[in-house]
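Novice: What follows is the file my_file_37.cif, containing mmCIF, C-alpha atoms:
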data_start
loop_
_atom_site.label_atom_id
_atom_site.label_comp_id
_atom_site.auth_asym_id
_atom_site.auth_seq_id
_atom_site.Cartn_x
_atom_site.Cartn_y
_atom_site.Cartn_z
CA MET A 1142 2.37 15.72 -8.92
CA SER A 1143 -0.45 15.79 -6.38
CA GLU A 1144 0.24 15.88 -2.65
CA TRP A 1145 -1.69 12.61 -2.16
CA LYS A 1146 0.23 10.82 -4.90
CA GLN A 1147 3.49 11.90 -3.26
CA LYS A 1148 2.24 10.57 0.05
CA CYS A 1149 1.44 7.19 -1.57
CA GLU A 1150 4.88 6.97 -3.14
CA ALA A 1151 6.53 7.82 0.16
CA GLU A 1152 4.33 5.38 2.10
CA TRP A 1153 4.84 2.28 -0.06
CA SER A 1154 7.90 2.91 -2.27
CA LEU A 1155 6.74 1.00 -5.36
CA PRO A 1156 9.68 1.25 -7.81
CA GLY A 1157 8.47 0.86 -11.38
CA ALA A 1158 4.79 0.69 -10.43
CA PRO A 1159 2.45 2.64 -12.73
CA MET A 1160 0.86 5.57 -10.87
CA PRO A 1161 -1.27 7.52 -13.38
CA ASP A 1162 -2.58 10.94 -12.43
CA ILE A 1163 -6.19 9.93 -13.13
CA VAL A 1164 -6.24 7.75 -9.98
CA ASP A 1165 -7.91 9.26 -6.90
CA TRP A 1166 -4.76 9.17 -4.78
CA LYS A 1167 -6.47 10.63 -1.71
CA SER A 1168 -8.85 7.65 -1.63
CA VAL A 1169 -5.98 5.22 -2.22
CA TYR A 1170 -3.94 6.73 0.60
CA GLU A 1171 -6.87 6.62 3.02
CA ALA A 1172 -7.70 3.00 2.06
CA ARG A 1173 -4.07 1.86 2.55
CA PRO A 1174 -4.60 -1.32 0.48
CA LEU A 1175 -1.07 -2.70 0.82
CA ASP A 1176 0.31 -4.70 3.73
CA ARG A 1177 -2.99 -5.04 5.57
CA ASN A 1178 -5.62 -7.72 5.96
CA LEU A 1179 -8.25 -7.27 3.24
CA LEU A 1180 -10.70 -9.78 4.69
CA LYS A 1181 -13.62 -8.38 6.63
CA ASN A 1182 -14.19 -9.99 10.03
CA PRO A 1183 -11.09 -12.20 9.64
CA SER A 1184 -11.52 -13.99 12.99
CA PRO A 1185 -15.21 -14.88 13.25
CA HIS A 1186 -14.60 -17.29 16.12
CA GLY A 1187 -13.13 -14.44 18.19
CA LEU A 1188 -9.77 -16.20 18.59
CA SER A 1189 -6.12 -15.29 18.01
CA LYS A 1190 -3.18 -17.35 16.76
CA HIS A 1191 -1.15 -15.83 19.58
CA THR A 1192 -3.09 -17.79 22.22
CA PRO A 1193 -3.65 -21.57 22.25
CA PRO A 1194 -6.93 -22.85 20.82
CA PRO A 1195 -9.59 -23.47 23.47
CA GLU A 1196 -9.73 -26.90 24.99
CA PRO A 1197 -12.85 -28.95 24.18
CA ASP A 1198 -15.77 -28.20 26.48
CA LEU A 1199 -16.82 -31.41 28.21
CA PRO A 1200 -20.39 -30.99 29.51
CA ASP A 1201 -21.36 -32.30 32.94
CA MET A 1202 -24.33 -34.05 31.36
CA PRO A 1203 -24.49 -35.42 27.79
CA ASP A 1204 -26.56 -33.34 25.38
CA ARG A 1205 -29.41 -35.68 24.40
CA GLY A 1206 -31.13 -33.10 22.23
CA PRO A 1207 -31.15 -33.03 18.43
CA PRO A 1208 -27.73 -32.74 16.75
CA ARG A 1209 -26.35 -29.24 16.38
CA PHE A 1210 -24.42 -28.14 13.30
CA GLN A 1211 -24.07 -24.34 13.59
CA PRO A 1212 -20.74 -23.38 15.22
CA ASP A 1213 -20.26 -20.53 17.69
CA GLY A 1214 -19.08 -17.22 16.29
CA ASP A 1215 -19.99 -13.95 14.60
CA PHE A 1216 -20.05 -14.65 10.87
CA THR A 1217 -20.93 -11.14 9.71
CA ASP A 1218 -19.51 -10.48 6.19
CA TRP A 1219 -19.25 -14.22 5.50
CA THR A 1220 -21.58 -16.39 3.41
CA THR A 1221 -21.96 -19.67 5.30
CA SER A 1222 -23.45 -23.08 4.63
CA ILE A 1223 -23.61 -26.47 6.37
CA GLU A 1224 -23.22 -29.89 4.77
CA ARG A 1225 -24.29 -32.76 7.03
CA LEU A 1226 -22.24 -35.87 6.31
CA PRO A 1227 -23.44 -39.49 6.23
CA TYR A 1228 -22.36 -41.78 9.04
CA ASP A 1229 -19.01 -43.44 8.40
CA THR A 1230 -19.46 -47.18 9.06
CA SER A 1231 -16.41 -48.31 7.11
CA GLY A 1232 -14.47 -49.43 10.20
CA ILE A 1233 -17.31 -51.26 11.96
CA PRO A 1234 -17.18 -55.09 11.70
CA GLU A 1235 -20.23 -56.82 10.30
CA GLY A 1236 -22.77 -57.74 12.98
CA VAL A 1237 -21.52 -55.20 15.53
CA VAL A 1238 -24.27 -52.98 16.97
CA ILE A 1239 -23.40 -49.33 17.52
CA CYS A 1240 -25.68 -47.36 19.86
CA GLN A 1241 -24.45 -43.91 18.90
CA MET A 1242 -22.12 -42.37 16.31
CA PRO A 1243 -20.89 -38.80 15.86
CA ASP A 1244 -22.85 -36.55 13.51
CA LYS A 1245 -20.21 -34.84 11.39
CA SER A 1246 -20.62 -31.87 9.11
CA TRP A 1247 -18.69 -29.40 6.98
CA PHE A 1248 -19.14 -25.72 7.83
CA THR A 1249 -18.27 -23.55 4.82
CA MET A 1250 -17.37 -19.85 4.99
CA GLU A 1251 -16.99 -17.77 1.83
CA GLN A 1252 -16.03 -14.17 1.16
CA MET A 1253 -15.39 -12.17 -2.02
CA VAL A 1254 -12.74 -9.42 -1.79
CA ASP A 1255 -13.09 -6.56 -4.28
CA LEU A 1256 -9.48 -5.42 -4.78
CA LYS A 1257 -10.38 -2.09 -6.41
CA ALA A 1258 -12.90 -1.28 -3.69
CA GLU A 1259 -10.12 -1.90 -1.16
CA GLY A 1260 -7.95 0.79 -2.83
CA LEU A 1261 -5.90 -0.98 -5.51
CA TRP A 1262 -5.95 0.42 -9.04
CA ASP A 1263 -6.12 -1.21 -12.50
CA GLU A 1264 -2.59 -0.40 -13.63
CA LEU A 1265 -1.05 -1.72 -10.42
CA LEU A 1266 -2.96 -5.01 -10.65
CA ASP A 1267 -2.34 -5.53 -14.36
CA GLU A 1268 1.27 -4.40 -14.73
CA TYR A 1269 2.99 -4.37 -11.35
CA GLN A 1270 0.97 -7.32 -9.99
CA PRO A 1271 1.66 -7.00 -6.25
CA GLU A 1272 2.05 -10.27 -4.39
CA ILE A 1273 -1.14 -11.58 -2.79
CA PHE A 1274 -0.22 -13.42 0.37
CA ILE A 1275 -2.51 -15.88 2.16
CA GLU A 1276 -1.88 -16.84 5.77
CA ASP A 1277 -4.21 -19.04 7.78
CA TRP A 1278 -4.22 -20.95 11.06
CA TYR A 1279 -6.66 -23.75 11.79
CA GLU A 1280 -7.18 -25.70 14.98
CA GLU A 1281 -5.96 -29.29 15.05
CA SER A 1282 -9.23 -30.38 16.60
CA GLN A 1283 -8.63 -34.16 16.32
CA LEU A 1284 -12.21 -34.64 15.11
CA ASP A 1285 -11.27 -36.45 11.92
CA GLN A 1286 -8.42 -37.06 9.48
CA HIS A 1287 -9.85 -34.30 7.29
CA ILE A 1288 -10.96 -31.25 9.29
CA TYR A 1289 -9.92 -28.29 7.12
CA GLU A 1290 -9.93 -27.13 3.51
CA LEU A 1291 -8.89 -23.85 1.90
CA HIS A 1292 -9.80 -22.82 -1.65
CA VAL A 1293 -8.69 -19.42 -2.99
CA LYS A 1294 -9.38 -18.10 -6.49
CA LEU A 1295 -8.11 -14.98 -8.23
CA LEU A 1296 -11.00 -13.80 -10.41
CA GLY A 1297 -11.52 -11.36 -13.28
CA ALA A 1298 -13.88 -8.39 -13.35
CA ASP A 1299 -16.86 -10.67 -14.09
CA LYS A 1300 -16.33 -12.47 -10.75
CA SER A 1301 -16.39 -15.86 -12.54
CA THR A 1302 -13.28 -16.07 -14.76
CA VAL A 1303 -10.62 -17.93 -12.76
CA ILE A 1304 -7.15 -16.54 -13.46
CA LEU A 1305 -5.32 -18.54 -10.78
CA GLU A 1306 -6.33 -20.72 -7.86
CA HIS A 1307 -4.85 -22.58 -4.91
CA SER A 1308 -6.34 -25.32 -2.70
CA VAL A 1309 -5.19 -27.01 0.51
CA GLN A 1310 -6.77 -30.23 1.83
CA PRO A 1311 -4.44 -31.64 4.50
CA THR A 1312 -4.70 -35.04 6.17
CA GLU A 1313 -4.23 -35.07 9.95
CA ASP A 1314 -2.24 -37.62 11.95
CA LEU A 1315 -4.57 -38.85 14.69
CA GLY A 1316 -1.94 -41.16 16.18
CA GLU A 1317 -0.78 -38.55 18.71
CA TYR A 1318 -2.76 -35.81 20.44
CA SER A 1319 -1.59 -32.36 19.37
CA HIS A 1320 -4.10 -29.59 19.97
CA ILE A 1321 -2.37 -26.61 18.32
CA TRP A 1322 -2.82 -23.99 15.59
CA LYS A 1323 -1.52 -25.23 12.25
CA GLU A 1324 -0.34 -22.69 9.70
CA VAL A 1325 -1.21 -22.68 6.01
CA SER A 1326 0.27 -20.05 3.70
CA HIS A 1327 0.55 -19.33 -0.01
CA LYS A 1328 1.85 -16.47 -2.16
CA PHE A 1329 0.33 -15.54 -5.51
CA SER A 1330 2.78 -13.70 -7.78
CA GLY A 1331 3.15 -13.17 -11.51
CA TYR A 1332 -0.53 -13.99 -11.92
CA GLY A 1333 -1.02 -11.95 -15.08
CA PRO A 1334 -3.39 -9.08 -15.89
CA GLY A 1335 -7.09 -9.00 -15.17
CA VAL A 1336 -7.33 -9.91 -11.48
CA ARG A 1337 -10.00 -7.82 -9.71
CA TYR A 1338 -11.44 -10.12 -7.05
CA VAL A 1339 -10.22 -12.77 -4.60
CA HIS A 1340 -12.70 -15.47 -3.59
CA PHE A 1341 -12.09 -17.28 -0.28
CA GLN A 1342 -13.69 -20.53 0.75
CA HIS A 1343 -12.94 -22.29 4.03
CA ARG A 1344 -14.40 -25.64 5.06
CA LEU A 1345 -14.18 -26.75 8.69
CA LYS A 1346 -15.19 -30.16 10.07
CA ASN A 1347 -17.48 -30.19 13.12
CA SER A 1348 -18.91 -33.08 15.13
CA PHE A 1349 -21.83 -33.69 17.48
CA LEU A 1350 -21.70 -36.55 20.01
CA ASN A 1351 -23.08 -35.86 23.50
CA GLY A 1352 -22.29 -32.21 22.72
CA PHE A 1353 -21.06 -30.02 19.88
CA HIS A 1354 -17.36 -29.94 18.95
CA GLN A 1355 -16.06 -27.53 16.34
CA THR A 1356 -12.88 -26.78 14.42
CA ASN A 1357 -11.80 -23.13 14.72
CA VAL A 1358 -9.82 -20.96 12.33
CA VAL A 1359 -7.97 -17.62 12.32
CA LEU A 1360 -7.64 -15.97 8.90
CA SER A 1361 -5.33 -13.48 7.25
CA PHE A 1362 -4.95 -12.17 3.72
CA CYS A 1363 -3.09 -9.16 2.36
CA CYS A 1364 -1.49 -7.62 -0.71
CA LYS A 1365 2.24 -7.08 -0.45
CA LYS A 1366 4.39 -4.56 -2.24
#
Kindly transcribe the structure held in the file into structure tokens.
Specialist:
Amino acid sequence: MSEWKQKCEAEWSLPGAPMPDIVDWKSVYEARPLDRNLLKNPSPHGLSKHTPPPEPDLPDMPDRGPPRFQPDGDFTDWTTSIERLPYDTSGIPEGVVICQMPDKSWFTMEQMVDLKAEGLWDELLDEYQPEIFIEDWYEESQLDQHIYELHVKLLGADKSTVILEHSVQPTEDLGEYSHIWKEVSHKFSGYGPGVRYVHFQHRLKNSFLNGFHQTNVVLSFCCKK
């Protein structure tokens, strides 16, 4: 048994997990794929769940410029897109004149995690099937009843075959102000053979009215033993 394979067994203690000699155990040990966050740049807004979300910035003077839709943050390693939403006039009585309404938009962040590139090996994924744990915190920004969506897919080697998926689309209670981090979590287990990629998609609701107001998020994802 190689020294690096012994180190992996001692590090993670995976009873019954297949550990064939053909695996590059030095690379696996150095990658440490278990019990760590596998997302790159998991907190693009530069925030932490251990501190309260920032209070809305109220400008001294209203921003009369064109609406803004790009949120603040460093979105390196994420694929992002913006969907501008139509004005919601459903609650406005007929004949009432509205001078200004908020411009709302969805900001989408996507990332594909290559499980083998992160250090996991075929036999572990297909036979042992370690738990894949999702943990997420989004800001209760009070911008709308629907401010956050999470869509996670476990994909095959072709990056398109969906083996298992999970979605969260909560509805917020706007009746009482509560500006906190809200936790979302899910555990994938017993997902069957063939999983090689995890596709993440987050959608966050933003609004522009006399200034830009965004919904923030702090992300976490890891493989458990």
Novice: Exactly which residues make up the result of the PyMOL selection byres ((chain A and resi 1184-1194) around 7) on this file, given as a PyMOL selection string?
Specialist: chain A and resi 1182-1183+1195-1196+1213-1216+1278+1280+1321-1322+1357+1359-1360
Novice: If we count all atoms listed in the file, what is near Pro1243 in chain A at a cut-off of 7 Å, once residues fewer than 4 positions away on the same chain are taken out, given as a list in words?
Specialist: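 In the requested form, the answer reads Ser1348, Phe1349 and Leu1350 of chain A.
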Novice: Which one of A:Asp1176, A:Asp1285, A:Asp1277, A:Glu1272 sits closest to Glu1259 in chain A if you count all atoms listed in the file?
Specialist: A:Asp1176
Novice: Work out how far apart CA of Lys1181 in chain A and CA of Ile1273 in chain A are and give it in Å to one decimal.
Specialist: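 Result for CA of Lys1181 in chain A versus CA of Ile1273 in chain A: 16.0 Å, one decimal.
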Novice: May I have the protein, DNA and RNA residues with any atom at most 8 Å from the point (-5.4, -35.0, 4.4), counting only C-alpha atoms, written as a PyMOL selection string?
Specialist: chain A and resi 1286-1287+1310-1313
Novice: What is the CA of Phe1362 in chain A-CA of Pro1174 in chain A distance in Å, reported with one decimal?
Specialist: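 Interatomic distance, CA of Phe1362 in chain A to CA of Pro1174 in chain A: 11.3 Å.
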Novice: How many Å lie between CA of Ser1282 in chain A and CA of Ser1319 in chain A, rounded to one decimal?
Specialist: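 Answer for the CA of Ser1282 in chain A to CA of Ser1319 in chain A separation: 8.4 Å.
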Novice: The PyMOL selection byres ((chain A and resi 1334) around 10) - which residues does that actually catch in the file I just gave you? List them as a list in words.
Specialist: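 Selected by the PyMOL selection byres ((chain A and resi 1334) around 10) here: Asp1263, Glu1264, Leu1265, Leu1266, Asp1267, Glu1268, Tyr1269, Gln1270, Gly1297, Ile1304, Gly1331, Tyr1332, Gly1333, Gly1335, Val1336 and Arg1337 of chain A.
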Novice: What would the selection look like, as a list in words, if the PyMOL selection byres ((chain A and resi 1356) around 8) were run on the coordinates I just shared?
Specialist: Tyr1279, Glu1280, Glu1281, Ser1282, Leu1284, Ile1288, Leu1345, Lys1346, Asn1347, His1354, Gln1355, Asn1357 and Val1358 of chain A
Novice: In terms of the shortest atom-to-atom distance over all atoms listed in the file, which of A:Gln1147, A:Thr1249, A:Ala1172, A:Gln1283 is closest to Leu1315 in chain A?
Specialist: A:Gln1283
Novice: Rank nothing, just name the residue among A:Leu1295, A:Gln1211, A:Pro1271, A:Ser1308 nearest to Gly1157 in chain A, using all atoms listed in the file.
Specialist: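 Closest candidate: A:Pro1271.
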Novice: Which one of A:Lys1245, A:Lys1323, A:Lys1328, A:Arg1209 sits closest to Leu1226 in chain A if you count all atoms listed in the file?
Specialist: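 With all atoms listed in the file as the atom set, the closest residue is A:Lys1245.
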Novice: Determine the nearest neighbour of Phe1353 in chain A from the options A:Leu1305, A:Glu1276, A:Phe1210, A:Leu1179, counting only C-alpha atoms.
Specialist: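 Among the listed residues, A:Phe1210 lies closest to Phe1353 in chain A.
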Novice: Please list as a PyMOL selection string every residue within 6 Å of Trp1219 in chain A, counting all atoms listed in the file and excluding residues in the same chain fewer than 2 positions away.
Specialist: chain A and resi 1216-1217+1250-1252
Novice: Do you know which residues are at most 9 Å from Arg1173 in chain A counting all atoms listed in the file, after dropping those on the same chain fewer than 6 positions away, and could you put them as a ChimeraX atom specification?
Specialist: /A:1149,1259-1261
Novice: Keeping only C-alpha atoms, write the selected residues as a PDB file, keeping the file's coordinate frame.
Specialist:
ATOM      1  CA  CYS A1149       1.440   7.190  -1.570  1.00  0.00           C
ATOM      2  CA  GLU A1259     -10.120  -1.900  -1.160  1.00  0.00           C
ATOM      3  CA  GLY A1260      -7.950   0.790  -2.830  1.00  0.00           C
ATOM      4  CA  LEU A1261      -5.900  -0.980  -5.510  1.00  0.00           C
TER       5      LEU A1261
END
Novice: Please define a box with edges along x, y and z of the file around all atoms of range 1217-1228 of chain A given in the file, extend it by 5 Å on each side, and return its centre and edge lengths in Å to one decimal, as AutoDock Vina command-line options.
Specialist:
--center_x -21.8 --center_y -26.1 --center_z 6.6 --size_x 15.0 --size_y 41.3 --size_z 16.3
Novice: Please write a file for range 1146-1163 of chain A, taken from the block I just shared, that holds N, CA and C atoms and is laid out as a PDB file, in the first residue's frame.
Specialist:
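Saved file selection-v6.pdb follows:
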ATOM      1  N   LYS A1146      -1.762   6.631  -0.064  1.00  0.00           N
ATOM      2  CA  LYS A1146      -3.042   5.958   0.157  1.00  0.00           C
ATOM      3  C   LYS A1146      -3.290   5.760   1.652  1.00  0.00           C
ATOM      4  N   GLN A1147      -2.248   5.400   2.378  1.00  0.00           N
ATOM      5  CA  GLN A1147      -2.373   5.254   3.833  1.00  0.00           C
ATOM      6  C   GLN A1147      -2.736   6.576   4.486  1.00  0.00           C
ATOM      7  N   LYS A1148      -2.141   7.647   3.990  1.00  0.00           N
ATOM      8  CA  LYS A1148      -2.464   8.969   4.542  1.00  0.00           C
ATOM      9  C   LYS A1148      -3.934   9.312   4.295  1.00  0.00           C
ATOM     10  N   CYS A1149      -4.451   8.988   3.103  1.00  0.00           N
ATOM     11  CA  CYS A1149      -5.861   9.253   2.790  1.00  0.00           C
ATOM     12  C   CYS A1149      -6.779   8.457   3.693  1.00  0.00           C
ATOM     13  N   GLU A1150      -6.456   7.185   3.908  1.00  0.00           N
ATOM     14  CA  GLU A1150      -7.281   6.353   4.783  1.00  0.00           C
ATOM     15  C   GLU A1150      -7.278   6.881   6.210  1.00  0.00           C
ATOM     16  N   ALA A1151      -6.111   7.322   6.666  1.00  0.00           N
ATOM     17  CA  ALA A1151      -6.019   7.858   8.025  1.00  0.00           C
ATOM     18  C   ALA A1151      -6.732   9.204   8.146  1.00  0.00           C
ATOM     19  N   GLU A1152      -6.690   9.995   7.081  1.00  0.00           N
ATOM     20  CA  GLU A1152      -7.278  11.338   7.113  1.00  0.00           C
ATOM     21  C   GLU A1152      -8.797  11.282   7.154  1.00  0.00           C
ATOM     22  N   TRP A1153      -9.417  10.396   6.353  1.00  0.00           N
ATOM     23  CA  TRP A1153     -10.866  10.444   6.179  1.00  0.00           C
ATOM     24  C   TRP A1153     -11.612   9.245   6.748  1.00  0.00           C
ATOM     25  N   SER A1154     -10.917   8.116   6.988  1.00  0.00           N
ATOM     26  CA  SER A1154     -11.570   6.935   7.555  1.00  0.00           C
ATOM     27  C   SER A1154     -12.874   6.625   6.819  1.00  0.00           C
ATOM     28  N   LEU A1155     -12.740   6.030   5.636  1.00  0.00           N
ATOM     29  CA  LEU A1155     -13.887   5.725   4.784  1.00  0.00           C
ATOM     30  C   LEU A1155     -14.128   4.220   4.784  1.00  0.00           C
ATOM     31  N   PRO A1156     -14.788   3.680   5.816  1.00  0.00           N
ATOM     32  CA  PRO A1156     -14.984   2.224   5.892  1.00  0.00           C
ATOM     33  C   PRO A1156     -15.817   1.707   4.726  1.00  0.00           C
ATOM     34  N   GLY A1157     -15.270   0.732   4.016  1.00  0.00           N
ATOM     35  CA  GLY A1157     -15.993   0.134   2.904  1.00  0.00           C
ATOM     36  C   GLY A1157     -15.866   0.875   1.604  1.00  0.00           C
ATOM     37  N   ALA A1158     -15.186   2.021   1.584  1.00  0.00           N
ATOM     38  CA  ALA A1158     -15.046   2.790   0.350  1.00  0.00           C
ATOM     39  C   ALA A1158     -13.995   2.151  -0.544  1.00  0.00           C
ATOM     40  N   PRO A1159     -14.265   2.016  -1.839  1.00  0.00           N
ATOM     41  CA  PRO A1159     -13.270   1.454  -2.754  1.00  0.00           C
ATOM     42  C   PRO A1159     -12.101   2.418  -2.940  1.00  0.00           C
ATOM     43  N   MET A1160     -10.861   1.883  -2.770  1.00  0.00           N
ATOM     44  CA  MET A1160      -9.664   2.714  -2.895  1.00  0.00           C
ATOM     45  C   MET A1160      -8.643   1.970  -3.748  1.00  0.00           C
ATOM     46  N   PRO A1161      -8.884   1.886  -5.049  1.00  0.00           N
ATOM     47  CA  PRO A1161      -7.990   1.119  -5.935  1.00  0.00           C
ATOM     48  C   PRO A1161      -6.608   1.739  -6.043  1.00  0.00           C
ATOM     49  N   ASP A1162      -5.625   0.893  -6.262  1.00  0.00           N
ATOM     50  CA  ASP A1162      -4.235   1.343  -6.317  1.00  0.00           C
ATOM     51  C   ASP A1162      -3.957   2.237  -7.520  1.00  0.00           C
ATOM     52  N   ILE A1163      -4.787   2.156  -8.565  1.00  0.00           N
ATOM     53  CA  ILE A1163      -4.515   2.944  -9.769  1.00  0.00           C
ATOM     54  C   ILE A1163      -4.773   4.431  -9.566  1.00  0.00           C
TER      55      ILE A1163
END
